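> Quick one: the structure is below, questions incoming.
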Amino acid sequence: MTSAALLPLRWRTATVIARRPETPHVATLVLDVPGWPGHKAGQHVDLRLTAADGYEAQRSYSIASANDGTAVAITVERVADGEVSPFLLDDVRVSDDLELRGPIGGYFVWSLEDGNPLLLIAGGSGVAPMMSILRARAQALKPPAARLLYSSRDQASIIYRDELDGMTAATDGPRILYTLTRERPVVWSGALGRVDRVMLERIGFPPTDDPLAYVCGPTPFVEQVAADLVALGYAEERIRTERFGPTGAN
Amino acid sequence: MVITRGFSGRGRPAGQYSGRVPPGQHLVSDFPVLTAGPTPRTHLEHWSLSLRDAERDLTVLSWADFEALPQSEMTTDIHCVTKWTKLDTVWRGVTVDDLLKGAGLTNPPGRFVTAECDGGYTTNLPVADLIDGKAMVATHFGGDPLTPAHGGPARLLVPHLYFWKSAKWVRGLHFCDRDHPGFWESLGYHVYGDPWREQRYTGDA
């Protein structure tokens with residue numbers, strides 16, 4: 001972390017400048033945060049909502065954008081019966097103000113100096129911090145090799161699909177393998193089923209390349225993938241994980 | 001205070017719980033897992049717990065040694081810095097008081113502790129927050145052995161501080177006279193972590 005990041009994190013008032021539906025249950029909010037100090041790919045923000053009587057709710061969201069001036073994008077997935085995500089998806093409009101503080105987190109982060117072949121493994125909306133990493137990587141003149149293994153329920157649930165496919169097509173773009181857990185399309189070039197060792201070997205790097213692996217998704221997904229990577233010979237200290245959601249979620 | 005347009009807040013805790021939910025937290029009924037890396041799996045025959053001071057091991061307990069110490073139960077609320085609070089969790093383990101007593105120590109051998117864990121995780125705590133029944137090394141949750149994902153076979157339990165202080169897979173308590181920031185404390189999180197004062201990040205009052 002830079003020393004600036006260790007200064008007190010104060011609440012800032014951000015303005016929603018864009019809303020982008022990503023899938024039927026996911027949208028991206030782009031916020032303009034005056035005075036934003038910049039961030040590393042993989043960091044997150046805390047959002048604070050305050051009701052008229054002073055009641056507050058706070059949640060953390062991964063930053064999905066690369067460091068880009070004062071604009072910060074978060075990607076929000078609807079949590080059924082949730083308090084904050086339905087509000088952000090249904091009620092927040094462009095030009096609304098939201099309070100946030102950040103950037104937060106110095107562990108699940110990537111910057112160009114980290115180099116190395118990058119293996120990113122995402123489950124569902126766990127792709128958000130991976131997008132930040134891929135967008136930061138795309139800005140580099142000589143980006144390290146990168147691969148993304150991305151598990152979704154079905155094709156309609158793949159977040160950032162067009163942008164990811166565009167990245168793949170670019171020179172030095174990442175290799176991407178999608179897998180679907182709840183749909184078997186007639187025409188499909190990706191994988192099917194939950195992430196397993198066969199898929200990890202198909203898309204991953206040999207452990208001898210000393211890859212840096214990032215895994216983000218629901219807890220059972222992260223537990224399984226991290227254990228599989230260790231079994232495949234990845235060094236434990238080169239596997240960075242971030243979990244979200246309840247323990248029983250799939 | 002910036003009022004969020006249109007936000008009424010339907011997640012507020014019911015009246016009887018409101019005094020038990022620190023600022024910025026919300027109640028959960030499940031038990032989320034947050035860990036910075038793969039889950040270590042230590043077999044009980046290879047497990048040990050050491051108490052150390054600056055110079056030496058004060059005691060090294062095998063699993064059987066640990067199990068032979070007085071077992072205590074604690075029912076408590078826990079608060080994670082990622083905003084969830086879980087009420088009335090039930091733990092079993094050995095209090096830090098009984099660990100010290102078992103090692104023949106009448107006074108803690110330092111003012112601060114660094115908890116050291118499988119996987120390299122560390123966290124720092126004032127000794128005053130570990131003694132007088134405030135903390136234990138827990139091996140059971142809800143009557144069952146702790147699963148590896150929740151820190152099994154043994155984790156620290158310091159329920160009055162944010163839950164990252166309740167280090168999973170604890171293997172050593174290193175007593176010293178100076179406070180050395182641990183893993184998250186070196187990465188922007190608060191050095192003490194009192195949920196009631198909302199000490200989440202470095203610099204929070």
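As shown in the structure tokens, the chain order sets the letters A, B, ...; within each chain, residues go from 1, and ligands are also counted from 1 in the order they appear.
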As a PyMOL selection string, could you give me every residue of chain A near chain B (at most 9 Å apart, counting only C-alpha atoms)?
chain A and resi 1+5-10+13+48-60+82-84+87+91-92+96-99+104-108+215+219+222-223+225-227+229-230+236-248
> Write out the residues from the selection above, keeping C-alpha atoms, as an mmCIF file, in the first residue's frame.

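Everything below was put into result_15.cif:
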data_model
loop_
_atom_site.group_PDB
_atom_site.id
_atom_site.type_symbol
_atom_site.label_atom_id
_atom_site.label_comp_id
_atom_site.auth_asym_id
_atom_site.auth_seq_id
_atom_site.Cartn_x
_atom_site.Cartn_y
_atom_site.Cartn_z
ATOM 1 C CA MET A 1 0.000 0.000 0.000
ATOM 2 C CA ALA A 5 -3.810 4.759 1.453
ATOM 3 C CA LEU A 6 -3.042 4.588 5.161
ATOM 4 C CA LEU A 7 -4.466 8.023 5.806
ATOM 5 C CA PRO A 8 -7.905 8.013 7.408
ATOM 6 C CA LEU A 9 -10.543 6.994 4.916
ATOM 7 C CA ARG A 10 -13.113 9.737 4.970
ATOM 8 C CA THR A 13 -20.175 12.236 -1.515
ATOM 9 C CA ARG A 48 -23.252 4.116 3.155
ATOM 10 C CA LEU A 49 -26.972 4.733 2.744
ATOM 11 C CA THR A 50 -28.721 6.960 5.273
ATOM 12 C CA ALA A 51 -32.483 7.120 5.840
ATOM 13 C CA ALA A 52 -34.219 10.344 6.816
ATOM 14 C CA ASP A 53 -34.279 9.315 10.498
ATOM 15 C CA GLY A 54 -30.525 8.718 10.548
ATOM 16 C CA TYR A 55 -30.619 4.926 10.161
ATOM 17 C CA GLU A 56 -27.610 3.759 8.153
ATOM 18 C CA ALA A 57 -26.778 0.720 6.109
ATOM 19 C CA GLN A 58 -23.277 0.011 4.823
ATOM 20 C CA ARG A 59 -22.053 -2.529 2.296
ATOM 21 C CA SER A 60 -18.764 -3.216 0.511
ATOM 22 C CA GLY A 82 -31.586 -7.753 0.389
ATOM 23 C CA GLU A 83 -31.766 -4.282 1.842
ATOM 24 C CA VAL A 84 -29.143 -2.449 -0.181
ATOM 25 C CA PHE A 87 -32.356 -0.202 -3.614
ATOM 26 C CA ASP A 91 -34.319 3.164 -6.924
ATOM 27 C CA VAL A 92 -31.011 4.888 -7.613
ATOM 28 C CA ASP A 96 -28.310 10.860 -7.180
ATOM 29 C CA ASP A 97 -25.695 11.296 -4.458
ATOM 30 C CA LEU A 98 -24.288 8.327 -2.533
ATOM 31 C CA GLU A 99 -21.731 8.318 0.261
ATOM 32 C CA ILE A 104 -10.010 -0.308 0.743
ATOM 33 C CA GLY A 105 -7.961 -3.480 0.727
ATOM 34 C CA GLY A 106 -4.310 -4.184 0.140
ATOM 35 C CA TYR A 107 -4.366 -7.924 -0.370
ATOM 36 C CA PHE A 108 -6.696 -8.911 -3.200
ATOM 37 C CA VAL A 215 -10.196 -16.428 -7.071
ATOM 38 C CA THR A 219 -17.621 -19.257 -0.542
ATOM 39 C CA VAL A 222 -13.675 -20.275 -3.702
ATOM 40 C CA GLU A 223 -13.022 -23.103 -1.240
ATOM 41 C CA VAL A 225 -11.155 -23.760 -6.594
ATOM 42 C CA ALA A 226 -8.425 -22.793 -4.124
ATOM 43 C CA ALA A 227 -8.115 -26.407 -2.960
ATOM 44 C CA LEU A 229 -5.219 -25.063 -7.406
ATOM 45 C CA VAL A 230 -3.174 -26.251 -4.432
ATOM 46 C CA GLU A 236 -0.468 -21.363 -1.654
ATOM 47 C CA GLU A 237 1.006 -17.912 -1.152
ATOM 48 C CA ARG A 238 0.360 -17.159 -4.846
ATOM 49 C CA ILE A 239 -3.374 -17.824 -4.540
ATOM 50 C CA ARG A 240 -5.368 -14.770 -3.476
ATOM 51 C CA THR A 241 -8.986 -15.281 -2.602
ATOM 52 C CA GLU A 242 -12.003 -13.141 -1.961
ATOM 53 C CA ARG A 243 -15.299 -14.661 -0.871
ATOM 54 C CA PHE A 244 -18.773 -13.278 -0.708
ATOM 55 C CA GLY A 245 -22.215 -14.488 0.097
ATOM 56 C CA PRO A 246 -23.555 -16.904 2.649
ATOM 57 C CA THR A 247 -21.808 -20.172 3.356
ATOM 58 C CA GLY A 248 -24.540 -22.271 1.803
#
> Find the spatial neighbours of segment 132-135 of chain B, counting only C-alpha atoms, within a cut-off of 12 Å - ignore same-chain residues fewer than 4 positions away - and output them as a PyMOL selection string.
chain B and resi 72-76+91-101+107-108+125-128+155-161+163+165-167
> Can you check which residues of chain B DSSP gives as strand (DSSP E or B) on the backbone and send them as number ranges by chain?
B: 26-27, 48-52, 57-62, 72-79, 84-95, 112-117, 122-126, 136-141, 144-145, 155-157, 170-176, 189, 201
> Write down as a ChimeraX atom specification the residues belonging to segment 8-186 of chain A that are assigned alpha helix (DSSP H) by DSSP computed on the backbone.
/A:85-90,127-138,161-169
> Contacts of segment 188-198 of chain A at 10 Å or less, counting only C-alpha atoms, minus same-chain residues fewer than 6 places along, as a count of residues only?
26
> When you look at Ala14 of chain A with a cut-off of 10 Å (counting only C-alpha atoms), what residues show up, excluding the ones that are within fewer than 3 positions of it in the same chain? I need them as a ChimeraX atom specification.
/A:11,17,30-36,47,70-72,95-101
> Skipping near chain neighbours, those fewer than 4 positions away, what residues fall within 8 Å of Leu118 of chain A using only C-alpha atoms, listed as a list of chain:residue names?
A:Pro144, A:Ala145, A:Ala146, A:Arg147, A:Pro211, A:Leu212, A:Ala213, A:Tyr214
> Please dump the current selection as a PDB file, in the first residue's frame; keep N, CA and C atoms.

ATOM      1  N   PRO A 144       1.250  -8.617 -18.807  1.00  0.00           N
ATOM      2  CA  PRO A 144       1.593 -10.020 -18.602  1.00  0.00           C
ATOM      3  C   PRO A 144       0.483 -10.910 -19.171  1.00  0.00           C
ATOM      4  N   ALA A 145       0.838 -12.137 -19.502  1.00  0.00           N
ATOM      5  CA  ALA A 145      -0.171 -13.084 -19.983  1.00  0.00           C
ATOM      6  C   ALA A 145      -1.263 -13.219 -18.933  1.00  0.00           C
ATOM      7  N   ALA A 146      -2.510 -13.319 -19.392  1.00  0.00           N
ATOM      8  CA  ALA A 146      -3.618 -13.436 -18.440  1.00  0.00           C
ATOM      9  C   ALA A 146      -4.682 -14.371 -18.996  1.00  0.00           C
ATOM     10  N   ARG A 147      -5.295 -15.116 -18.118  1.00  0.00           N
ATOM     11  CA  ARG A 147      -6.386 -15.999 -18.495  1.00  0.00           C
ATOM     12  C   ARG A 147      -7.492 -15.880 -17.467  1.00  0.00           C
ATOM     13  N   PRO A 211       2.549 -18.779 -11.690  1.00  0.00           N
ATOM     14  CA  PRO A 211       1.407 -17.887 -11.913  1.00  0.00           C
ATOM     15  C   PRO A 211       0.878 -17.311 -10.607  1.00  0.00           C
ATOM     16  N   LEU A 212       0.245 -16.156 -10.743  1.00  0.00           N
ATOM     17  CA  LEU A 212      -0.435 -15.513  -9.627  1.00  0.00           C
ATOM     18  C   LEU A 212      -1.924 -15.728  -9.863  1.00  0.00           C
ATOM     19  N   ALA A 213      -2.592 -16.391  -8.924  1.00  0.00           N
ATOM     20  CA  ALA A 213      -3.996 -16.737  -9.121  1.00  0.00           C
ATOM     21  C   ALA A 213      -4.884 -15.882  -8.225  1.00  0.00           C
ATOM     22  N   TYR A 214      -5.982 -15.401  -8.795  1.00  0.00           N
ATOM     23  CA  TYR A 214      -7.000 -14.654  -8.045  1.00  0.00           C
ATOM     24  C   TYR A 214      -8.302 -15.414  -8.184  1.00  0.00           C
TER      25      TYR A 214
END
